[in-house]
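A.B. asks: Pasting a structure here, questions to come.
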Amino acid sequence: MIRAFFYLHLAGLLVLLAGLVWYFGGDADGRTTGTMVAISSLLGLGLMMISPWPVVKAIQWMMKSSGR
């Protein structure tokens, strides 16, 4: 189960990186509303995919430190 969250975290990093590259690498004058929606969706989806991994690691650490 932990491995699934790890791979989800890696995929989220790739999606986030794709959104950042598209945002900073693209032409700012040629951006339309649809393009900005796609970029913001990539950034948001990447951040949402990243978020469970630190929580799982913190829970795992707390369980290990409490002796369970």
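FYI, nothing fancy with the structure tokens labels: chains A, B, ... in order, residues from 1 per chain, ligands from 1 as they appear.
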Need to verify the contact set: region 47-52 of chain A, 12 Å, only C-alpha atoms, exclusion of same-chain residues closer than 2 positions in sequence. Can you return it as a ChimeraX atom specification?
C.D. replies: /A:1-20,40-45,54-59
A.B. asks: Considering only C-alpha atoms, can you say which of A:Trp61, A:Gly46, A:Ser66, A:Ile39 comes closest to Val21 (chain A)?
C.D. replies: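 Smallest separation from Val21 (chain A) among the options: A:Ile39.
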A.B. asks: Where does DSSP see alpha helix (DSSP H) in chain A, if you list the residues as JSON, numbers by chain?
C.D. replies: {"A": [2, 3, 4, 5, 6, 7, 8, 9, 10, 11, 12, 13, 14, 15, 16, 17, 18, 19, 20, 21, 22, 23, 24, 25, 33, 34, 35, 36, 37, 38, 39, 40, 41, 42, 43, 44, 45, 46, 47, 48, 49, 50, 52, 53, 54, 55, 56, 57, 58, 59, 60, 61, 62, 63, 64, 65, 66]}
A.B. asks: Quick one: distance from CA of Ala38 (chain A) to CA of Tyr23 (chain A) in Å, one decimal?
C.D. replies: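 Taking CA of Ala38 (chain A) as the start and CA of Tyr23 (chain A) as the end point, the length is 9.9 Å.
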